[in-house]
Each structure stands twice: as C-alpha cells, then as structure tokens.
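In what follows, a structure is listed as structure tokens, so that the remarks can point back to it.
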Amino acid sequence: MLSCIQPTGDVHLGNYLGALRNWVAGQHENDAFHGIVDLHALTITEAPDVLGQATLQLAAMLFAVGLDPDEATIFVQSHVPEHSQLGWMMECTVSYGELTRMTQFKDKSAKRQENTSTAEFISAGLFTYPALQAADILLYDTDEVPVGEDQRQHIEITRDIAIRFNHRFGDTFVLPKAVTPKAGARVMDLQDPTSKMSKSANTDSGLVYLLDEPAAVRKKFKRAVTDSDSEVRFDRAEKPGVSNLLEILAACTGGAPEALAAGYTQYGPLKADAGEAVIELLQPIQARYHELMTDRGELQSLLRKGAGKAREVAAVTLARAQAAAGMLPA
Ligand code: AQP
C-alpha cells in the first residue's frame, strides 16, 4: 500500500477523511509506504524557507493522526532519489495527449491564472506531475493506493503508464488500484459545497484545518452554506451543502448519511452536531501534534530511517525498470 501527501499547506479535514484516516487503518495489514512529496510541492512553491518547515510539520501531523513508524514507512520523497530517476522514465512513457486530459492540471492551472500574483507562471512540473506520481506508486510494487476521489484519475493514468511500459519492455510493474473510503472520499468546501475542500481555495472560511481551535471549527460549521429549502435530506446533486454536512457527520460518527438525515428537521442542529463531531475527532490529534513538534530532531531521525527503508525497495524496482528498458548498468 502506498499513498502520498504534499507539504503545500495545513492539512484539512478532506485530506484526513479522504486519505490519512485510511492510511492509519490499513497500516497493520499492509506493507505500507507513505511519502511526503516535496518534489510535487515544488510545482507550486516559490518562496524560500517554506518547504523544509512544511515537510517537518506534515511529518508531525502524520504521526499525530496515528501512523506508527514501526508499522508504516514514512519518508520524504526527495530523500529517495529513485523517485526522480523513475519519474523521468515515466515522462517518456506517458503521452502529451494523456497529460492534457488531467482535470487536476486544468483546475490548478486555471486557479493560478485567476490569481494575479501567480498568473504569469505555470510550471512544466505542474503538467508532468502525474508521471512523477506514477513513479512514486510503481516503485513500491503497490497494489492499493488509498486516496480521495480527486486522485482517481491520476491512479488510472498510473495504471495506463504501467501497462504501456510492461507491454514495451516486458512485465516490470505491478498494476495498482485506487481505494476510496465509503464516507469522506470527497469532502466539499463548507462555503462552496460544489467544490472540494482544497488547500488552494481562495479563502479558508470553508476549510476546516486539523489544527483549528474548537471555536474556529464551530464558527465555520455555523456559517456553512446550506440549500435554499429547509428539508434535511441526503442528495448530493440537489442538496450539496446539507449532504456535505451529513457526510462529514457520518464519517466522524460511523453512521450512514441517509440514516442520519432522518434525525434532523432543521439545518441548525445538523451544523452544530457536525461541528462538535469534528472537534471531538480533532482534539487528540492536536494534542499529539503539539507534543511531537517539541522534538524536531526525533522527527528528522524518524524520516531518515523511513527514507532508508524506502530506498531498499525503490532501488530494486528502479534497477529492474532500467534493466527492462535495456539501459547499460552503471
Ligand atoms: N476534499 C477532499 N476530500 C477527500 N479527500 C481529499 N484529498 C484532498 N482533498 C480532499 C486527499 O488528500 C490526499 C492528499 O492530497 P494532496 O497532498 O494531493 O493534497 P492536495 O490535493 O494538495 O490537497 P488539496 O487540499 O486538494 O490541495 P490542492 O489545493 O493543492 O489540490 C489525497 O489522497 C487526496 O485525494
């Protein structure tokens, strides 16, 4: 099992319910690898002195949500150079046409164009990102990639790249599949429930961060956009705001959103209960995060160990791919 997260901003409820929680749940039964993908973050990071700090904070958050360094291998992508090396081979295996169909590139480049401070520059890396992501996944002979719904297309293209490589050069890569959770696979922005909750939203009033104080969480849920009539019903297409609240509540409490809807006749109590369920979920995570951040040396040492374990696997796969492609051994 492998899945990664970018150190591009504070971790939000969508990242947690869509991905991180399932990484924790799967770490005992699986050979689990999780990367903090700083090379992907470089596609949009331009300021100095940001990435290292964000990487360390994200590592603390991964351990705080419950990843155990004795069970799962947590590593920083740039500490395992095989990612860049296989990434280039994947760029040469994917086509320009395939990359132009990626909705995430279209969305992210459009968002950058809307913003006057970023409109000028859309990196080539943002465009070729799925090739590096394919390398991230294929290096670990990954069967399952636990992700939110937004990543499904990238896992599909990874499969296509692996199939093409295997066809050209002989059986080399395991074909991975995306695994998404029942509830929480696509958490929507509380202010704009037709868009996914996303770190790069223009305003953060619709985002719940894992480090938000209880008062901030309460306020964000209280102000959540609902729908024009007053009926509480789970219907993603017709009632996106209410359905998002029901799904968040379901993901936090373990119920089913359709069944939970029957318990409410008004929006106010639903907003309040969803907010309280999130606060309860976040409290132990926040306490562990703050404790872990007091010992940055220990965090760095855990990441170094993780990179060592990751390289043991990644180097073998890279060598296999290079040999399959007929490259001269060093
Ligand atoms: N809204 C979401 N609902 C469910 N899952 C989500 N994920 C992201 N947003 C949601 C999942 O979180 C994991 C880590 O994703 P990432 O590092 O690629 O994060 P991201 O895409 O940078 O996160 P954002 O917030 O969506 O940022 P931007 O604005 O950069 O696009 C992935 O498994 C993802 O599916």
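Labels for the structure tokens follow display order: chains A, B, ..., residues from 1 in each chain, ligands from 1.
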| message | Within 7 Å of ligand 1 (counting only C-alpha atoms and all ligand atoms), which residues show up? I'd like them as a ChimeraX atom specification. | response | /A:3-8,12,14-19,146-151,184-188,196-201
Residues of the last selection are to be written out with C-alpha atoms, as a PDB file, in the first residue's frame.
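To be explicit, this is the file written out as result-v3.pdb:
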```pdb
ATOM      1  CA  SER A   3      -0.126   6.897  -0.745  1.00  0.00           C
ATOM      2  CA  CYS A   4       1.426  10.331  -0.559  1.00  0.00           C
ATOM      3  CA  ILE A   5       0.622  13.859   0.546  1.00  0.00           C
ATOM      4  CA  GLN A   6       2.089  17.194  -0.476  1.00  0.00           C
ATOM      5  CA  PRO A   7       3.637  19.595   2.055  1.00  0.00           C
ATOM      6  CA  THR A   8       1.794  22.517   0.466  1.00  0.00           C
ATOM      7  CA  HIS A  12      -7.516  19.805   6.287  1.00  0.00           C
ATOM      8  CA  GLY A  14     -10.739  16.469   3.436  1.00  0.00           C
ATOM      9  CA  ASN A  15      -7.167  15.162   3.500  1.00  0.00           C
ATOM     10  CA  TYR A  16      -7.892  13.397   6.793  1.00  0.00           C
ATOM     11  CA  LEU A  17     -11.247  11.787   5.987  1.00  0.00           C
ATOM     12  CA  GLY A  18     -10.392  11.094   2.348  1.00  0.00           C
ATOM     13  CA  ALA A  19      -6.921   9.698   2.873  1.00  0.00           C
ATOM     14  CA  PRO A 146      -5.836   4.780  -0.548  1.00  0.00           C
ATOM     15  CA  VAL A 147      -6.824   8.246  -1.804  1.00  0.00           C
ATOM     16  CA  GLY A 148      -9.674  10.715  -2.015  1.00  0.00           C
ATOM     17  CA  GLU A 149     -11.899  10.683  -5.095  1.00  0.00           C
ATOM     18  CA  ASP A 150      -9.968  13.625  -6.657  1.00  0.00           C
ATOM     19  CA  GLN A 151      -6.935  11.376  -7.176  1.00  0.00           C
ATOM     20  CA  GLY A 184     -15.406  11.231   3.219  1.00  0.00           C
ATOM     21  CA  ALA A 185     -13.979  10.410  -0.224  1.00  0.00           C
ATOM     22  CA  ARG A 186     -14.819  13.918  -1.392  1.00  0.00           C
ATOM     23  CA  VAL A 187     -15.271  16.433   1.413  1.00  0.00           C
ATOM     24  CA  MET A 188     -16.606  19.687  -0.009  1.00  0.00           C
ATOM     25  CA  LYS A 196     -13.872  20.047  -2.981  1.00  0.00           C
ATOM     26  CA  MET A 197     -12.281  21.247   0.229  1.00  0.00           C
ATOM     27  CA  SER A 198      -8.850  22.211  -1.025  1.00  0.00           C
ATOM     28  CA  LYS A 199      -5.699  23.788   0.401  1.00  0.00           C
ATOM     29  CA  SER A 200      -5.543  26.110  -2.552  1.00  0.00           C
ATOM     30  CA  ALA A 201      -9.060  27.554  -2.120  1.00  0.00           C
TER      31      ALA A 201
END
```
Contacts between region 54-73 of chain A and region 203-271 of chain A, please, where a residue of region 203-271 of chain A counts if it comes within 12 Å (with only C-alpha atoms); show its shortest atom pair and distance in Å to one decimal, rows by chain and ascending number, as JSON lines.
```
{"residue": "A:Tyr209", "atom": "CA", "partner": "A:Met61", "partner_atom": "CA", "distance": 11.4}
{"residue": "A:Leu210", "atom": "CA", "partner": "A:Met61", "partner_atom": "CA", "distance": 8.7}
{"residue": "A:Leu211", "atom": "CA", "partner": "A:Met61", "partner_atom": "CA", "distance": 9.3}
```
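DSSP annotation of region 61-284 of chain A from backbone atoms: strand (DSSP E or B) residues are Ala72, Thr73, Ile74, Phe75, Val76, Glu144, Val145, Pro146, Lys177, Ala178, Val179, Met188, Lys196 and Tyr209 of chain A.
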| message | Report as a VMD selection string all protein, DNA and RNA residues lying within 12 Å of Arg168 (chain A), evaluated on only C-alpha atoms, omitting residues in the same chain fewer than 3 positions from it. | response | chain A and resid 92 to 93 161 to 165 171 to 173 321 324 to 326
Residues within 10 Å of Leu249 (chain A), please, as a PDB file with C-alpha atoms, in the first residue's frame. Count only C-alpha atoms; anything in the same chain fewer than 4 positions from it doesn't count.
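Saved the output as selection-v4.pdb:
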```
ATOM      1  CA  ALA A 183     -17.758   8.288   3.603  1.00  0.00           C
ATOM      2  CA  GLY A 184     -15.406  11.231   3.219  1.00  0.00           C
ATOM      3  CA  SER A 243     -25.316  16.410   2.021  1.00  0.00           C
ATOM      4  CA  ASN A 244     -21.744  17.502   2.727  1.00  0.00           C
ATOM      5  CA  LEU A 245     -22.603  18.150   6.391  1.00  0.00           C
ATOM      6  CA  THR A 253     -19.516   9.116  13.893  1.00  0.00           C
ATOM      7  CA  GLY A 254     -19.614   5.979  11.762  1.00  0.00           C
ATOM      8  CA  GLY A 255     -23.283   6.288  10.712  1.00  0.00           C
ATOM      9  CA  ALA A 256     -24.744   6.406   7.198  1.00  0.00           C
ATOM     10  CA  PRO A 257     -25.608   9.887   5.852  1.00  0.00           C
ATOM     11  CA  LEU A 260     -28.556  10.424   9.905  1.00  0.00           C
ATOM     12  CA  LEU A 270     -27.170  19.426  11.977  1.00  0.00           C
ATOM     13  CA  LYS A 271     -24.485  22.115  11.620  1.00  0.00           C
ATOM     14  CA  ASP A 273     -23.642  18.339  15.639  1.00  0.00           C
ATOM     15  CA  ALA A 274     -21.310  18.088  12.645  1.00  0.00           C
ATOM     16  CA  GLY A 275     -19.073  20.793  14.186  1.00  0.00           C
ATOM     17  CA  GLU A 276     -18.986  19.051  17.589  1.00  0.00           C
ATOM     18  CA  ALA A 277     -18.211  15.670  15.992  1.00  0.00           C
ATOM     19  CA  VAL A 278     -15.259  17.217  14.175  1.00  0.00           C
TER      20      VAL A 278
END
```
| message | Based on the backbone DSSP call, show me all residues of region 100-262 of chain A assigned helix (DSSP H, G or I), as a VMD selection string. | response | chain A and resid 100 103 to 114 124 to 138 149 to 169 214 to 222 240 to 253 257 to 261
| Between CA of Val11 (chain A) and CA of Asp212 (chain A), distance in Å (one decimal) |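 Pair CA of Val11 (chain A) / CA of Asp212 (chain A) returns 10.2 Å.
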| task | Counting only C-alpha atoms, figure out which residue out of A:Leu138, A:Ala124, A:Met327, A:Ala259 gets nearest to Leu175 (chain A). | result |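 When distances to Leu175 (chain A) are compared using only C-alpha atoms, the smallest one comes from A:Leu138.
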